[in-house]
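Student: Please see the structure below; I have some questions.
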Amino acid sequence: MWRVYSRRVPVTKKVHRFSGGVYDLGLHVVWCPKYRRPVLGGRVAERLEELIRQKTDERGWEVIALEVMPDHVHLFVKHDPKSSASYVANQFKGFTSRVLREEFPHLKSRMPTLWSSSYFAASAGAVSAATVEKYINTQWERPWKKGDGS
């Protein structure tokens with residue numbers, strides 16, 4: 001009888017270094033056009049993708065995943081530790097709104113602003129929230145902590 005062994009292939013992590021430490025920060029950002037209008041199609045969607053990639057290159061961030069739907073945008077981006085979630089989201093929204101409305105006049109005439117004022121942002125790292133919670137909650141169970149009165 002033959003046995004089949006599955007081998008886990010480790011996921012490669014790109015950890016960035018700076019003078020104060022190391023980081024691997026990912027952010028899932030979602031935003032919508034004003035009134036959730038389905039205006040992100042065709043050439044507008046293509047140009048939006050180009051602009052998002054241009055902004056990530058300019059800031060030194062990295063696009064992991066990007067999906068432009070007719071009425072919303074999903075972006076998973078790796079960013080630096082000095083950039084807050086609101087800063088990241090607003091960098092994309094402000095820059096893309098200005099350029100798209102200049103290049104596509106129908107976006108100006110149909111809506112007062114291109115993007116809704118709100119957005120969704122969730123941090124995403126290399127490990128799940130459950131893994132971090134378990135690690136923190138079991139600190140006193142570590143072998144080197146047992147019997148240590150300090």
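Naming scheme: A, B, ... for chains in displayed order of the structure tokens; residues 1 onward per chain; ligands 1 onward as shown.
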Can you pull out the residues contacting Phe92 of chain A? Cut-off 12 Å, using only C-alpha atoms, and skip same-chain residues under 5 positions away; I want them as a PyMOL selection string.
Tutor: chain A and resi 29-32+48-59+61+63+73-75+77+85-87+97-100+115+119
Student: Please report as a Markdown table every residue of segment 103-141 of chain A lying within 10 Å of segment 35-44 of chain A, along with the nearest atom pair and their distance in Å (one decimal), using only C-alpha atoms.
Tutor:
```
| residue | atom | partner | partner_atom | distance |
| --- | --- | --- | --- | --- |
| A:Glu103 | CA | A:Val44 | CA | 9.0 |
| A:Phe104 | CA | A:Val44 | CA | 7.6 |
| A:His106 | CA | A:Val39 | CA | 9.4 |
| A:Leu107 | CA | A:Val39 | CA | 7.8 |
| A:Arg110 | CA | A:Arg37 | CA | 9.5 |
| A:Met111 | CA | A:Tyr35 | CA | 8.4 |
| A:Thr113 | CA | A:Tyr35 | CA | 9.8 |
| A:Leu114 | CA | A:Val39 | CA | 9.2 |
| A:Trp115 | CA | A:Tyr35 | CA | 8.6 |
| A:Ser116 | CA | A:Tyr35 | CA | 7.1 |
```
Student: As number ranges by chain, please: all residues of segment 2-138 of chain A that backbone DSSP puts in alpha helix (DSSP H).
Tutor: A: 42-59, 85-103, 105-110, 129-137
Student: Check the smallest atom-to-atom distance from each of A:His72, A:Arg47, A:His16, A:Lys78 to Ala122 of chain A using only C-alpha atoms, then report the winner.
Tutor: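 For Ala122 of chain A, the nearest of the given residues is A:Lys78.
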